[in-house]
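Take a look at the structure set out below.
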Number of protein chains: 2
Amino acid sequence: MLPVSSNHGWTSPLVALFTSTSAVCVTGLVVVDTGTYWSPFGQLVILLLMEVGGLGFVVGATALVLLGKGRLGFQEREIVRQTGTTLILGGQSSFVTRAVTLALVGQLAGAILLLIRFIPEFGLIRGIWMSIFHSVAAFTNGSFDLFGDYRSLAGYRSDPLVLLTIAMLIIAGGTSLLVAEDLWRHRSWRKFTLDTKIIVIGIPTLLILGTVFIMLIESKNPNTLGNRPLGEQLLNSFFHSSAARTAGFTTWNFGLSDDRTLFFVIGLMFIGSAPGSMAGGIKITTMAIILAVAWSNILGRRDTELMRRRVPQEQVGQALTVALLGVLLIVTIALTISLLERARFRDDFIKVLFEVTSAFGTVGLSTGITPELSAPSQILLIITMFVGRLGPVTLATSLSHRSQSKYRFPIESVRIG
Amino acid sequence: MLPVSSNHGWTSPLVALFTSTSAVCVTGLVVVDTGTYWSPFGQLVILLLMEVGGLGFVVGATALVLLGKGRLGFQEREIVRQTGTTLILGGQSSFVTRAVTLALVGQLAGAILLLIRFIPEFGLIRGIWMSIFHSVAAFTNGSFDLFGDYRSLAGYRSDPLVLLTIAMLIIAGGTSLLVAEDLWRHRSWRKFTLDTKIIVIGIPTLLILGTVFIMLIESKNPNTLGNRPLGEQLLNSFFHSSAARTAGFTTWNFGLSDDRTLFFVIGLMFIGSAPGSMAGGIKITTMAIILAVAWSNILGRRDTELMRRRVPQEQVGQALTVALLGVLLIVTIALTISLLERARFRDDFIKVLFEVTSAFGTVGLSTGITPELSAPSQILLIITMFVGRLGPVTLATSLSHRSQSKYRFPIESVRIG
Ligand SMILES: [K+]
Ligand SMILES: [K+]
């Protein structure tokens with residue numbers, strides 16, 4: 001980022017690199033406070049990076065899936081056709097147009113809702129700017145904010161308009177265009193693709209689970225939701241539940257959250273949201289397949305069954321691979337960072353783990369330690385953001401393109417459990 | 001346990017229930033200090049419970065596997081026969097004899113080595129008693145100790161004879177008789193069963209990994225290994241590495257360990273050791289299959305391959321199911337306990353998670369919170385010990401006996417990552 005981007009004249013290359021990576025990967029982790037450190041020009045650059053990074057990823061990831069489909073055999077292509085994924089074949093440029101249009105319309109709608117609050121608060125010009133910036137930051141899941149002092153949305157904890165608008169934008173950004181179009185065109189559960197069904201059930205399930213959990217734990221935490229009115233507790237629990245899987249907006253200093261909330265949110269951040277959306281993580285579909293394997297086994301099914309469909313055996317392996325490599329990456333990076341840092345961060349390994357998972361899942365939630373980490377650790381977070389953004393989808397796609405090996409080893413059972 | 005078991009005349013039913021469950025499940029978690037609370041008679045009861053529980057489980061788990069094999073189809077039985085598992089068929093009573101004999105010989109050898117240290121220290125009679133008790137506690141992985149004040153082996157941290165003897169007993173107890181017999185009879189890598197190969201490679205790998213990790217982290221911790229001679233650091237790192245997957249012996253107050261060690265040890269406790277051994281956890285073979293799925297996928301293999309063998313698809317599902325249900329159980333119980341307890345335990349969720357994983361893996365390591373937990377929480381730990389002891393093997397066995405479903409759903413892919 002250019003020198004003119006900062007309010008202080010000079011920006012270290014690391015700060016510039018970290019911030020632009022975080023913006024283009026729509027993560028939202030920061031090493032400086034966006035609202036006070038960067039000049040209006042710098043903030044505009046961040047806005048554009050989030051928009052380009054977010055939309056670029058959605059289009060790129062979908063194209064990768066399309067390319068993948070092209071290499072399938074006749075039978076599988078037939079299946080793809082039957083299940084409706086062809087609605088995007090033969091019109092890739094129009095898909096890009098539709099994706100960009102829908103995103104911009106969504107962001108515009110969000111910005112208009114935010115105007116209601118921000119124009120009275122910040123005046124006309126700055127109010128419009130704040131509305132556009134935060135609508136883009138929410139929809140792309142980029143989750144940078146301009147409120148200053150790392151406060152994020154703490155000033156709006158009792159404001160349903162702002163919090164629900166932001167939450168809806170985040171949820172919309174975490175849902176893919178393919179799902180939206182499938183819903184729009186078929187309007188019948190039976191006709192939806194399995195992919196769509198998983199997302200349509202998975203997102204509300206995770207939202208409810210998260211809301212209940214956060215409410216249960218944090219309503220007893222005096223640093224966060226304790227001693228607050230019930231409505232505010234519920235609103236903020238829902239807000240963090242919708243944010244936690246993919247966006248780093250908060251209404252309290254997240255480092256003051258209960259340990260158990262941090263653990264739980266690490267899980268949510270790891271899962272993320274829909275494939276082909278702005279969200280990161282291993283994706284809800286990947287998690288659904290892993291759960292389906294266990295559930296089908298318990299029911300004694302021969303196949304991995306999910307919503308009256310059979311999941312291909314190869315996909316089971318792919319899902320497990322994506323999840324396992326994700327865990328390994330997070331644990332390795334977190335351990336390395338904790339070894340690089342001074343004792344203070346060592347004693348709170350959960351916070352390091354939280355920060356790394358946030359980077360991997362391109363979430364942006366922070367317990368506040370990222371700005372204080374040493375340069376090597378921040379560089380590791382930059383790498384994690386990139387790998388977290390591009391890793392799962394490219395890994396899953398490349399795994400599914402492998403030619404099969406020509407020989408097979410003899411089969412042999414082992415004892416389990 | 002009888003009133004005469006205690007040194008204090010009266011024992012609460014919960015203390016008696018917790019202790020006898022812990023002993024019969026060869027876990028080793030305690031709510032009272034074994035050496036000071038229980039009378040010699042009570043200690044003898046504990047010794048017998050560990051011996052009967054440990055040997056009973058080994059024999060029972062192996063019988064369960066044998067029963068399972070009996071129900072396999074011709075082709076699979078042929079495979080079982082070819083891979084050498086038949087060495088135990090047609091002679092189940094002699095298998096029991098061999099298992100008990102080998103266990104008693106091992107414990108006797110261990111006790112004799114311990115005599116060298118314990119007779120000079122405790123005198124003849126008490127020295128013999130201490131040697132037998134701790135040899136049994138180590139081999140069965142029961143890991144109760146009589147040294148008082150929850151000190152475990154802290155007094156022997158610079159004593160290679162005691163620590164290495166105990167470590168070898170723990171490792172032997174965590175290896176199954178089937179593996180030992182396969183090694184003894186075939187003495188050739190090519191002829192070993194896949195099961196044996198996994199254990200023979202898995203145990204040293206985990207021992208080395210654990211030693212390196214604990215050394216790396218705890219050598220900088222002034223409460224544990226910091227400022228100690230290098231040899232002692234290495235000895236104690238190796239000792240805890242061999243103990244951590246299955247036995248609760250320690251040479252320091254484990255609650256003073258670094259957070260990262262607690263995280264790492266939670267992983268080791270969850271994995272455990274060989275199936276059909278004294279050890280708990282999901283077992284090394286289960287973990288190996290899960291890793292093999294990912295690795296085979298990365299290599300682009302059609303099958304799940306492990307050491308030049310193909311793992312049956314059903315076993316992949318079973319392994320994943322055992323692991324996933326284990327994680328779900330641990331997290332649910334830990335969360336419930338943390339909600340039941342006062343604020344002090346709430347703030348340190350990692351310690352609750354550690355204690356519950358220790359109970360699930362029938363390990364017995366403790367950060368010291370178990371004696372201070374409320375009655376409902378201790379009852380949950382009792383349940384966890386039982387489920388952890390019996391759950392994985394019965395789950396895996398029952399999953400593999402399912403009849404296949406008669407209908408199949410249509411196949412459909414989803415997007416992963
Ligand atoms: K984000
Ligand atoms: K144990």
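Each chain in the structure tokens gets a letter, A, B and so on, in the order shown; residues start at 1 in every chain, and ligands are counted from 1 in the order they appear.
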Note to self: Excluding Ala138 in chain A and its own-chain neighbours fewer than 6 positions away, which residues fall within 7 Å of it when counting only C-alpha atoms? Please give them as a ChimeraX atom specification.
What the structure shows: /A:166,169-170
Give the helix (DSSP H, G or I) residues of range 246-383 of chain A, as assigned by DSSP on the backbone, as a short mmCIF file (atom, residue, chain, number, x, y, z; two decimals) with N, CA and C atoms, in the first residue's frame.
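Resulting contents of states_8.cif:
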data_model
loop_
_atom_site.label_atom_id
_atom_site.label_comp_id
_atom_site.auth_asym_id
_atom_site.auth_seq_id
_atom_site.Cartn_x
_atom_site.Cartn_y
_atom_site.Cartn_z
N PHE A 254 -13.09 -9.41 22.05
CA PHE A 254 -13.30 -10.85 22.05
C PHE A 254 -12.31 -11.61 22.94
N GLY A 255 -11.20 -10.94 23.28
CA GLY A 255 -10.24 -11.54 24.20
C GLY A 255 -10.80 -11.71 25.60
N LEU A 256 -11.89 -11.01 25.91
CA LEU A 256 -12.50 -11.14 27.24
C LEU A 256 -13.59 -12.22 27.25
N ASP A 259 -13.28 -18.81 27.98
CA ASP A 259 -12.48 -19.83 27.30
C ASP A 259 -13.32 -20.76 26.44
N ARG A 260 -14.48 -21.14 26.98
CA ARG A 260 -15.32 -22.11 26.28
C ARG A 260 -15.88 -21.51 24.99
N THR A 261 -16.19 -20.21 25.04
CA THR A 261 -16.62 -19.55 23.81
C THR A 261 -15.50 -19.56 22.79
N LEU A 262 -14.28 -19.31 23.24
CA LEU A 262 -13.15 -19.33 22.30
C LEU A 262 -13.01 -20.71 21.66
N PHE A 263 -13.10 -21.76 22.47
CA PHE A 263 -13.03 -23.12 21.94
C PHE A 263 -14.12 -23.35 20.89
N PHE A 264 -15.34 -22.99 21.28
CA PHE A 264 -16.48 -23.22 20.40
C PHE A 264 -16.33 -22.44 19.09
N VAL A 265 -15.92 -21.19 19.21
CA VAL A 265 -15.78 -20.34 18.02
C VAL A 265 -14.64 -20.85 17.14
N ILE A 266 -13.60 -21.43 17.74
CA ILE A 266 -12.54 -22.05 16.93
C ILE A 266 -13.17 -23.11 16.02
N GLY A 267 -14.08 -23.89 16.58
CA GLY A 267 -14.79 -24.90 15.77
C GLY A 267 -15.61 -24.27 14.65
N LEU A 268 -16.36 -23.22 14.98
CA LEU A 268 -17.18 -22.54 13.96
C LEU A 268 -16.31 -21.95 12.86
N MET A 269 -15.20 -21.30 13.25
CA MET A 269 -14.31 -20.67 12.27
C MET A 269 -13.71 -21.72 11.35
N PHE A 270 -13.42 -22.89 11.92
CA PHE A 270 -12.81 -23.96 11.13
C PHE A 270 -13.79 -24.47 10.08
N ILE A 271 -15.07 -24.54 10.42
CA ILE A 271 -16.08 -25.04 9.49
C ILE A 271 -16.37 -24.02 8.39
N ILE A 284 -19.18 -26.03 5.07
CA ILE A 284 -20.25 -26.80 5.69
C ILE A 284 -20.44 -28.15 5.01
N THR A 285 -20.29 -28.20 3.68
CA THR A 285 -20.48 -29.48 2.97
C THR A 285 -19.44 -30.51 3.40
N THR A 286 -18.19 -30.05 3.58
CA THR A 286 -17.12 -30.95 3.99
C THR A 286 -17.46 -31.55 5.36
N MET A 287 -17.89 -30.68 6.27
CA MET A 287 -18.27 -31.13 7.61
C MET A 287 -19.45 -32.08 7.53
N ALA A 288 -20.41 -31.77 6.66
CA ALA A 288 -21.61 -32.61 6.55
C ALA A 288 -21.25 -34.02 6.09
N ILE A 289 -20.30 -34.12 5.17
CA ILE A 289 -19.91 -35.45 4.69
C ILE A 289 -19.27 -36.24 5.82
N ILE A 290 -18.41 -35.58 6.60
CA ILE A 290 -17.75 -36.29 7.70
C ILE A 290 -18.79 -36.79 8.71
N LEU A 291 -19.77 -35.94 9.03
CA LEU A 291 -20.82 -36.36 9.95
C LEU A 291 -21.65 -37.48 9.33
N ALA A 292 -21.89 -37.38 8.02
CA ALA A 292 -22.71 -38.39 7.35
C ALA A 292 -22.04 -39.77 7.38
N VAL A 293 -20.71 -39.78 7.30
CA VAL A 293 -20.00 -41.06 7.37
C VAL A 293 -20.30 -41.74 8.70
N ALA A 294 -20.15 -40.98 9.79
CA ALA A 294 -20.38 -41.54 11.11
C ALA A 294 -21.83 -41.97 11.27
N TRP A 295 -22.74 -41.11 10.83
CA TRP A 295 -24.16 -41.39 11.02
C TRP A 295 -24.59 -42.61 10.20
N SER A 296 -24.11 -42.70 8.95
CA SER A 296 -24.45 -43.86 8.11
C SER A 296 -23.91 -45.14 8.74
N ASN A 297 -22.72 -45.04 9.32
CA ASN A 297 -22.15 -46.21 9.99
C ASN A 297 -22.98 -46.64 11.17
N ILE A 298 -23.41 -45.68 11.95
CA ILE A 298 -24.21 -46.01 13.13
C ILE A 298 -25.53 -46.66 12.70
N GLN A 313 -17.68 -42.42 -2.62
CA GLN A 313 -16.60 -42.77 -1.70
C GLN A 313 -15.41 -41.82 -1.83
N GLU A 314 -15.10 -41.40 -3.05
CA GLU A 314 -13.95 -40.50 -3.23
C GLU A 314 -14.14 -39.21 -2.46
N GLN A 315 -15.40 -38.75 -2.41
CA GLN A 315 -15.63 -37.47 -1.73
C GLN A 315 -15.45 -37.61 -0.23
N VAL A 316 -15.74 -38.79 0.31
CA VAL A 316 -15.50 -39.01 1.73
C VAL A 316 -14.02 -38.82 2.03
N GLY A 317 -13.18 -39.45 1.20
CA GLY A 317 -11.74 -39.30 1.38
C GLY A 317 -11.29 -37.86 1.21
N GLN A 318 -11.86 -37.19 0.23
CA GLN A 318 -11.47 -35.79 0.00
C GLN A 318 -11.85 -34.90 1.18
N ALA A 319 -13.07 -35.11 1.68
CA ALA A 319 -13.52 -34.30 2.81
C ALA A 319 -12.61 -34.49 4.02
N LEU A 320 -12.29 -35.76 4.28
CA LEU A 320 -11.43 -36.06 5.43
C LEU A 320 -10.05 -35.45 5.24
N THR A 321 -9.54 -35.51 4.01
CA THR A 321 -8.22 -34.96 3.72
C THR A 321 -8.19 -33.45 3.94
N VAL A 322 -9.20 -32.78 3.42
CA VAL A 322 -9.26 -31.32 3.58
C VAL A 322 -9.31 -30.96 5.07
N ALA A 323 -10.14 -31.67 5.83
CA ALA A 323 -10.28 -31.36 7.26
C ALA A 323 -8.99 -31.66 8.02
N LEU A 324 -8.39 -32.80 7.72
CA LEU A 324 -7.21 -33.22 8.47
C LEU A 324 -6.02 -32.31 8.18
N LEU A 325 -5.82 -31.97 6.91
CA LEU A 325 -4.72 -31.07 6.57
C LEU A 325 -4.96 -29.69 7.20
N GLY A 326 -6.23 -29.28 7.26
CA GLY A 326 -6.55 -28.01 7.92
C GLY A 326 -6.13 -28.02 9.38
N VAL A 327 -6.50 -29.09 10.08
CA VAL A 327 -6.14 -29.21 11.50
C VAL A 327 -4.62 -29.20 11.66
N LEU A 328 -3.94 -30.00 10.83
CA LEU A 328 -2.48 -30.09 10.93
C LEU A 328 -1.83 -28.74 10.70
N LEU A 329 -2.30 -28.02 9.69
CA LEU A 329 -1.73 -26.71 9.38
C LEU A 329 -1.92 -25.76 10.57
N ILE A 330 -3.14 -25.70 11.08
CA ILE A 330 -3.43 -24.78 12.18
C ILE A 330 -2.58 -25.09 13.40
N VAL A 331 -2.52 -26.37 13.77
CA VAL A 331 -1.77 -26.76 14.96
C VAL A 331 -0.29 -26.46 14.78
N THR A 332 0.25 -26.76 13.60
CA THR A 332 1.68 -26.53 13.36
C THR A 332 2.01 -25.04 13.41
N ILE A 333 1.20 -24.23 12.74
CA ILE A 333 1.48 -22.79 12.72
C ILE A 333 1.31 -22.21 14.14
N ALA A 334 0.28 -22.63 14.84
CA ALA A 334 0.04 -22.09 16.18
C ALA A 334 1.20 -22.45 17.11
N LEU A 335 1.68 -23.66 16.99
CA LEU A 335 2.79 -24.10 17.83
C LEU A 335 4.04 -23.30 17.49
N THR A 336 4.30 -23.13 16.22
CA THR A 336 5.49 -22.37 15.81
C THR A 336 5.41 -20.94 16.33
N ILE A 337 4.25 -20.32 16.18
CA ILE A 337 4.11 -18.95 16.67
C ILE A 337 4.32 -18.90 18.17
N SER A 338 3.74 -19.85 18.88
CA SER A 338 3.88 -19.81 20.35
C SER A 338 5.34 -20.01 20.77
N LEU A 339 6.11 -20.75 19.94
CA LEU A 339 7.52 -20.93 20.26
C LEU A 339 8.32 -19.67 19.93
N LEU A 340 7.85 -18.92 18.93
CA LEU A 340 8.56 -17.71 18.52
C LEU A 340 8.31 -16.55 19.48
N ALA A 343 6.96 -15.06 26.61
CA ALA A 343 6.22 -15.92 27.54
C ALA A 343 4.73 -15.58 27.62
N ARG A 344 4.40 -14.30 27.48
CA ARG A 344 3.03 -13.89 27.70
C ARG A 344 2.05 -14.63 26.78
N PHE A 345 2.46 -14.80 25.50
CA PHE A 345 1.58 -15.48 24.57
C PHE A 345 1.66 -16.98 24.74
N ARG A 346 2.81 -17.44 25.25
CA ARG A 346 2.98 -18.86 25.47
C ARG A 346 1.98 -19.38 26.49
N PHE A 349 -2.07 -20.42 25.17
CA PHE A 349 -1.99 -21.07 23.86
C PHE A 349 -3.31 -21.01 23.12
N ILE A 350 -4.41 -21.07 23.88
CA ILE A 350 -5.73 -21.04 23.26
C ILE A 350 -5.90 -19.77 22.41
N LYS A 351 -5.32 -18.67 22.88
CA LYS A 351 -5.45 -17.42 22.11
C LYS A 351 -4.65 -17.47 20.81
N VAL A 352 -3.49 -18.11 20.86
CA VAL A 352 -2.70 -18.27 19.63
C VAL A 352 -3.45 -19.16 18.66
N LEU A 353 -4.00 -20.26 19.19
CA LEU A 353 -4.78 -21.19 18.38
C LEU A 353 -5.97 -20.48 17.75
N PHE A 354 -6.60 -19.62 18.54
CA PHE A 354 -7.76 -18.86 18.06
C PHE A 354 -7.36 -17.97 16.89
N GLU A 355 -6.26 -17.25 17.06
CA GLU A 355 -5.81 -16.29 16.04
C GLU A 355 -5.46 -17.01 14.74
N VAL A 356 -4.78 -18.15 14.86
CA VAL A 356 -4.37 -18.90 13.67
C VAL A 356 -5.59 -19.48 12.96
N THR A 357 -6.55 -20.01 13.74
CA THR A 357 -7.77 -20.54 13.12
C THR A 357 -8.53 -19.43 12.42
N SER A 358 -8.54 -18.25 13.04
CA SER A 358 -9.20 -17.10 12.43
C SER A 358 -8.55 -16.75 11.09
N ALA A 359 -7.22 -16.84 11.04
CA ALA A 359 -6.52 -16.57 9.78
C ALA A 359 -6.82 -17.65 8.76
N PHE A 360 -6.77 -18.91 9.19
CA PHE A 360 -7.05 -20.04 8.29
C PHE A 360 -8.46 -19.96 7.71
N THR A 370 -2.86 -10.24 17.79
CA THR A 370 -2.18 -10.13 16.50
C THR A 370 -1.30 -8.87 16.36
N PRO A 371 -1.78 -7.68 16.75
CA PRO A 371 -0.93 -6.49 16.59
C PRO A 371 0.36 -6.57 17.42
N GLU A 372 0.34 -7.36 18.50
CA GLU A 372 1.50 -7.42 19.37
C GLU A 372 2.47 -8.53 19.04
N ALA A 375 7.36 -9.92 14.14
CA ALA A 375 7.28 -9.95 12.67
C ALA A 375 7.21 -11.36 12.11
N PRO A 376 8.07 -12.30 12.56
CA PRO A 376 7.97 -13.65 11.98
C PRO A 376 6.59 -14.28 12.18
N SER A 377 6.00 -14.04 13.36
CA SER A 377 4.67 -14.60 13.61
C SER A 377 3.63 -13.97 12.69
N GLN A 378 3.74 -12.66 12.49
CA GLN A 378 2.79 -12.00 11.60
C GLN A 378 2.94 -12.52 10.17
N ILE A 379 4.18 -12.80 9.77
CA ILE A 379 4.40 -13.36 8.43
C ILE A 379 3.75 -14.73 8.33
N LEU A 380 3.85 -15.52 9.41
CA LEU A 380 3.19 -16.84 9.41
C LEU A 380 1.68 -16.68 9.28
N LEU A 381 1.13 -15.65 9.93
CA LEU A 381 -0.32 -15.41 9.79
C LEU A 381 -0.68 -15.02 8.36
N ILE A 382 0.19 -14.25 7.72
CA ILE A 382 -0.05 -13.87 6.32
C ILE A 382 -0.11 -15.13 5.45
N ILE A 383 0.86 -16.02 5.66
CA ILE A 383 0.87 -17.28 4.90
C ILE A 383 -0.40 -18.08 5.18
#
Determine, for each residue of chain B having at least one atom at most 6 Å from an atom of ligand 2, the closest pair of atoms and their separation in Å to one decimal, counting only C-alpha atoms and all ligand atoms; order by chain and ascending number, as JSON lines.
{"residue": "B:Val26", "atom": "CA", "partner": "ligand 2", "partner_atom_place_in_ligand_line": "1 (K)", "distance": 5.0}
{"residue": "B:Thr27", "atom": "CA", "partner": "ligand 2", "partner_atom_place_in_ligand_line": "1 (K)", "distance": 3.7}
{"residue": "B:Gly28", "atom": "CA", "partner": "ligand 2", "partner_atom_place_in_ligand_line": "1 (K)", "distance": 5.0}
{"residue": "B:Asn141", "atom": "CA", "partner": "ligand 2", "partner_atom_place_in_ligand_line": "1 (K)", "distance": 4.3}
{"residue": "B:Gly142", "atom": "CA", "partner": "ligand 2", "partner_atom_place_in_ligand_line": "1 (K)", "distance": 4.5}
{"residue": "B:Ser143", "atom": "CA", "partner": "ligand 2", "partner_atom_place_in_ligand_line": "1 (K)", "distance": 5.3}
{"residue": "B:Thr246", "atom": "CA", "partner": "ligand 2", "partner_atom_place_in_ligand_line": "1 (K)", "distance": 5.0}
{"residue": "B:Ala247", "atom": "CA", "partner": "ligand 2", "partner_atom_place_in_ligand_line": "1 (K)", "distance": 3.8}
{"residue": "B:Gly248", "atom": "CA", "partner": "ligand 2", "partner_atom_place_in_ligand_line": "1 (K)", "distance": 5.5}
{"residue": "B:Thr362", "atom": "CA", "partner": "ligand 2", "partner_atom_place_in_ligand_line": "1 (K)", "distance": 4.8}
{"residue": "B:Val363", "atom": "CA", "partner": "ligand 2", "partner_atom_place_in_ligand_line": "1 (K)", "distance": 3.6}
{"residue": "B:Gly364", "atom": "CA", "partner": "ligand 2", "partner_atom_place_in_ligand_line": "1 (K)", "distance": 4.8}
Write a file of the just-selected residues containing N, CA and C atoms, as an mmCIF file, in the first residue's frame.
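part-v8.cif, freshly written:
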data_model
loop_
_atom_site.group_PDB
_atom_site.id
_atom_site.type_symbol
_atom_site.label_atom_id
_atom_site.label_comp_id
_atom_site.auth_asym_id
_atom_site.auth_seq_id
_atom_site.Cartn_x
_atom_site.Cartn_y
_atom_site.Cartn_z
ATOM 1 N N VAL B 26 -8.928 -49.537 34.837
ATOM 2 C CA VAL B 26 -7.494 -49.197 34.802
ATOM 3 C C VAL B 26 -7.262 -47.768 34.312
ATOM 4 N N THR B 27 -7.982 -46.837 34.927
ATOM 5 C CA THR B 27 -7.807 -45.440 34.571
ATOM 6 C C THR B 27 -6.738 -44.797 35.463
ATOM 7 N N GLY B 28 -7.008 -44.734 36.765
ATOM 8 C CA GLY B 28 -6.027 -44.152 37.665
ATOM 9 C C GLY B 28 -6.356 -42.748 38.131
ATOM 10 N N ASN B 141 -1.650 -50.537 33.368
ATOM 11 C CA ASN B 141 -1.941 -49.128 33.104
ATOM 12 C C ASN B 141 -2.914 -48.535 34.113
ATOM 13 N N GLY B 142 -3.113 -49.237 35.246
ATOM 14 C CA GLY B 142 -4.035 -48.737 36.271
ATOM 15 C C GLY B 142 -3.526 -47.457 36.912
ATOM 16 N N SER B 143 -2.235 -47.356 37.011
ATOM 17 C CA SER B 143 -1.500 -46.151 37.408
ATOM 18 C C SER B 143 -1.920 -45.497 38.726
ATOM 19 N N THR B 246 -1.551 -43.528 28.032
ATOM 20 C CA THR B 246 -2.327 -44.594 28.667
ATOM 21 C C THR B 246 -2.196 -44.718 30.185
ATOM 22 N N ALA B 247 -1.188 -44.101 30.801
ATOM 23 C CA ALA B 247 -1.019 -44.252 32.252
ATOM 24 C C ALA B 247 -0.785 -42.901 32.923
ATOM 25 N N GLY B 248 -1.292 -42.768 34.119
ATOM 26 C CA GLY B 248 -1.283 -41.468 34.782
ATOM 27 C C GLY B 248 -0.109 -41.197 35.694
ATOM 28 N N THR B 362 -8.936 -43.637 29.606
ATOM 29 C CA THR B 362 -8.523 -44.415 30.787
ATOM 30 C C THR B 362 -7.027 -44.225 31.036
ATOM 31 N N VAL B 363 -6.611 -42.968 31.109
ATOM 32 C CA VAL B 363 -5.193 -42.633 31.268
ATOM 33 C C VAL B 363 -4.858 -42.388 32.728
ATOM 34 N N GLY B 364 -5.592 -41.472 33.364
ATOM 35 C CA GLY B 364 -5.350 -41.205 34.774
ATOM 36 C C GLY B 364 -4.500 -39.980 35.047
#
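Each of A:Gly361, A:Gly281, A:Gly127, A:Gly231 was compared to chain B using only C-alpha atoms, and A:Gly281 turns out to be the nearest.
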Check: Counting only C-alpha atoms, what is within 8 Å of Glu232 in chain A, bar same-chain residues fewer than 3 positions away, as an MDAnalysis selection string?
Finding: chainID A and resid 157:158 228:229 235:236
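We find CA of Ile132 in chain A and CA of Ala111 in chain A to be spaced 5.1 Å apart.
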